[in-house]
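Have a look at structure.tsv below; it lists TSV, C-alpha atoms.
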chain	number	residue	atom	x	y	z
R	1	MET	CA	76.86	97.78	96.65
R	2	PRO	CA	73.98	96.37	94.58
R	3	LYS	CA	74.78	93.20	92.66
R	4	VAL	CA	73.31	92.92	89.14
R	5	LEU	CA	73.31	89.89	86.84
R	6	ILE	CA	73.33	90.66	83.11
R	7	ALA	CA	72.11	87.71	81.04
R	8	ASP	CA	72.51	88.37	77.33
R	9	ASP	CA	74.20	86.43	74.53
R	10	ALA	CA	75.38	89.65	72.84
R	11	LEU	CA	78.82	90.71	74.06
R	12	PHE	CA	78.20	94.32	72.99
R	13	THR	CA	75.02	94.56	75.08
R	14	ARG	CA	76.75	93.08	78.14
R	15	LYS	CA	79.66	95.51	77.73
R	16	VAL	CA	77.38	98.56	77.46
R	17	LEU	CA	75.26	97.47	80.43
R	18	ARG	CA	78.36	96.71	82.52
R	19	GLU	CA	79.77	100.20	81.90
R	20	ILE	CA	76.48	101.88	82.89
R	21	LEU	CA	75.98	99.71	85.97
R	22	GLU	CA	79.54	100.00	87.24
R	23	ALA	CA	79.33	103.79	86.86
R	24	GLU	CA	76.28	103.59	89.15
R	25	GLY	CA	78.27	101.67	91.75
R	26	CYS	CA	76.92	98.20	91.01
R	27	GLU	CA	78.79	94.92	91.11
R	28	VAL	CA	78.18	93.16	87.80
R	29	ILE	CA	77.96	89.45	87.01
R	30	GLU	CA	77.54	88.26	83.42
R	31	ALA	CA	75.90	85.24	81.83
R	32	THR	CA	75.88	84.44	78.10
R	33	ASN	CA	72.81	82.17	78.06
R	34	GLY	CA	69.82	81.19	80.17
R	35	GLN	CA	71.35	78.12	81.76
R	36	GLU	CA	74.40	80.07	82.87
R	37	ALA	CA	72.11	82.84	84.20
R	38	VAL	CA	70.17	80.39	86.37
R	39	SER	CA	73.39	78.88	87.71
R	40	LYS	CA	74.89	82.28	88.50
R	41	PHE	CA	71.64	83.46	90.07
R	42	GLN	CA	71.68	80.40	92.34
R	43	THR	CA	75.24	81.01	93.55
R	44	GLU	CA	75.48	84.82	93.48
R	45	ARG	CA	71.94	85.87	94.54
R	46	PRO	CA	72.01	89.24	92.76
R	47	ASP	CA	69.74	92.13	93.75
R	48	LEU	CA	68.57	92.52	90.15
R	49	VAL	CA	68.66	90.53	86.90
R	50	LEU	CA	68.67	92.12	83.44
R	51	LEU	CA	67.47	89.25	81.27
R	52	ASP	CA	67.48	89.14	77.47
R	53	VAL	CA	64.36	87.63	75.94
R	54	SER	CA	66.17	85.83	73.09
R	55	MET	CA	69.12	83.67	74.15
R	56	PRO	CA	70.52	80.28	73.16
R	57	GLU	CA	70.12	77.10	75.23
R	58	MET	CA	67.33	78.57	77.38
R	59	ASP	CA	65.27	81.59	76.33
R	60	GLY	CA	64.36	84.50	78.58
R	61	LEU	CA	60.93	83.19	79.59
R	62	ALA	CA	62.27	79.77	80.59
R	63	THR	CA	65.11	81.48	82.47
R	64	LEU	CA	62.63	83.77	84.24
R	65	HIS	CA	60.58	80.74	85.35
R	66	ALA	CA	63.70	78.98	86.65
R	67	ILE	CA	64.89	82.05	88.56
R	68	LYS	CA	61.43	82.57	90.09
R	69	GLU	CA	61.46	78.93	91.26
R	70	ILE	CA	64.72	79.64	93.10
R	71	ASP	CA	63.48	82.94	94.54
R	72	SER	CA	59.90	84.06	94.01
R	73	ASN	CA	60.89	87.60	95.06
R	74	ALA	CA	63.70	87.91	92.50
R	75	LYS	CA	63.70	91.23	90.65
R	76	VAL	CA	64.00	90.51	86.94
R	77	ILE	CA	63.89	93.11	84.19
R	78	MET	CA	63.39	91.76	80.69
R	79	VAL	CA	65.50	93.23	77.89
R	80	SER	CA	63.85	92.86	74.50
R	81	ALA	CA	64.28	93.92	70.91
R	82	MET	CA	61.54	95.70	69.05
R	83	GLY	CA	58.71	93.39	68.03
R	84	GLN	CA	58.80	91.14	71.09
R	85	ALA	CA	55.86	92.83	72.85
R	86	SER	CA	53.85	89.62	73.32
R	87	THR	CA	56.84	87.89	74.93
R	88	VAL	CA	57.39	90.85	77.24
R	89	GLN	CA	53.71	90.81	78.26
R	90	GLU	CA	54.02	87.09	79.03
R	91	ALA	CA	57.15	87.76	81.08
R	92	LEU	CA	55.37	90.43	83.12
R	93	LYS	CA	52.55	87.97	83.82
R	94	CYS	CA	55.16	85.43	84.94
R	95	GLY	CA	56.76	87.76	87.45
R	96	ALA	CA	59.19	90.06	85.65
R	97	CYS	CA	59.08	93.42	87.40
R	98	ASP	CA	59.79	95.58	84.35
R	99	PHE	CA	61.19	95.63	80.81
R	100	ILE	CA	63.36	97.74	78.57
R	101	VAL	CA	63.52	97.74	74.77
R	102	LYS	CA	66.76	97.66	72.79
R	103	PRO	CA	68.30	99.93	71.76
R	104	PHE	CA	68.18	101.59	75.16
R	105	ARG	CA	69.74	104.79	76.46
R	106	PRO	CA	72.01	104.90	79.54
R	107	HIS	CA	69.52	107.09	81.44
R	108	GLN	CA	66.87	104.38	81.03
R	109	ILE	CA	69.13	101.84	82.74
R	110	ARG	CA	69.95	104.32	85.52
R	111	GLU	CA	66.21	104.90	86.07
R	112	LEU	CA	65.57	101.16	86.35
R	113	ILE	CA	68.42	100.76	88.84
R	114	ALA	CA	67.05	103.63	90.93
R	115	LYS	CA	63.52	102.23	90.79
R	116	TRP	CA	64.22	98.57	91.52
R	117	VAL	CA	67.49	98.48	93.47
R	118	LEU	CA	68.39	101.79	95.09
R	119	ASN	CA	64.87	102.73	96.24
R	120	ALA	CA	64.20	99.16	97.34
R	121	ALA	CA	67.43	99.15	99.38
R	122	CYS	CA	66.39	102.39	101.09
R	123	GLN	CA	63.00	100.94	101.99
R	124	GLN	CA	64.58	97.88	103.61
R	125	GLU	CA	66.85	99.88	105.95

Can you present the structure in this file as structure tokens?
Amino acid sequence: MPKVLIADDALFTRKVLREILEAEGCEVIEATNGQEAVSKFQTERPDLVLLDVSMPEMDGLATLHAIKEIDSNAKVIMVSAMGQASTVQEALKCGACDFIVKPFRPHQIRELIAKWVLNAACQQE
């Protein structure tokens, strides 16, 4: 069962993502800010991180850097609102593997899971 960390300060976004991911058979861990995300990444070692760009205490880019220091192979997908294109481009340069723009559709999340977790798991077997 793939383990996914959702890091987003918006309860609604975490709830929607959790429902989609659990329907796909994923175990879900939640973090409400960047510092909590780094801590949970360290202890839980998820297969994938869905990371909001704008969060309190530690923004998405700083969180991405911290996660990549823990595990340079970590799979992190940035979740951004419209108008954050430059931040997303910076995140991709810093090692994020993909991004999705809010508001997103459930099929977009399922496609990302298939691309970065399910296909990757098949390749490792």

Selected residue, from R:Lys3, R:Lys115, R:His65, R:Arg14, that lies nearest to Arg45 (chain R) when counting all atoms listed in the file: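 Closest candidate: R:Lys3.
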
Select, counting only C-alpha atoms, all protein, DNA and RNA residues no farther than 8 Å from (68.1, 98.6, 73.7) in file coordinates, and express the selection as a ChimeraX atom specification. /R:79-81,100-105

Name the closest residue to Val76 (chain R) among the candidates R:Gln108, R:Gln35, R:Gln89, R:Thr63; distances are taken between atoms, counting all atoms listed in the file.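 So, comparing all the options, the nearest one is R:Thr63.
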
Go through R:Ile20, R:Thr32, R:Leu112, R:Lys75 and flag the residue nearest Leu92 (chain R), using all atoms listed in the file for the distances. R:Lys75

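CA of Gly95 (chain R) sits 15.1 Å away from CA of Asp47 (chain R).
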
Using all atoms listed in the file, can you list as a PyMOL selection string the residues within 12 Å of (66.5, 78.9, 75.8)? chain R and resi 7-9+32-38+51-66

Which distance in Å separates CA of Gln84 (chain R) and CA of Val28 (chain R), to one decimal?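 Result for CA of Gln84 (chain R) versus CA of Val28 (chain R): 25.7 Å, one decimal.
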
Could you tell me how far CA of Phe41 (chain R) sits from CA of Leu11 (chain R), in Å to one decimal place? 19.0 Å
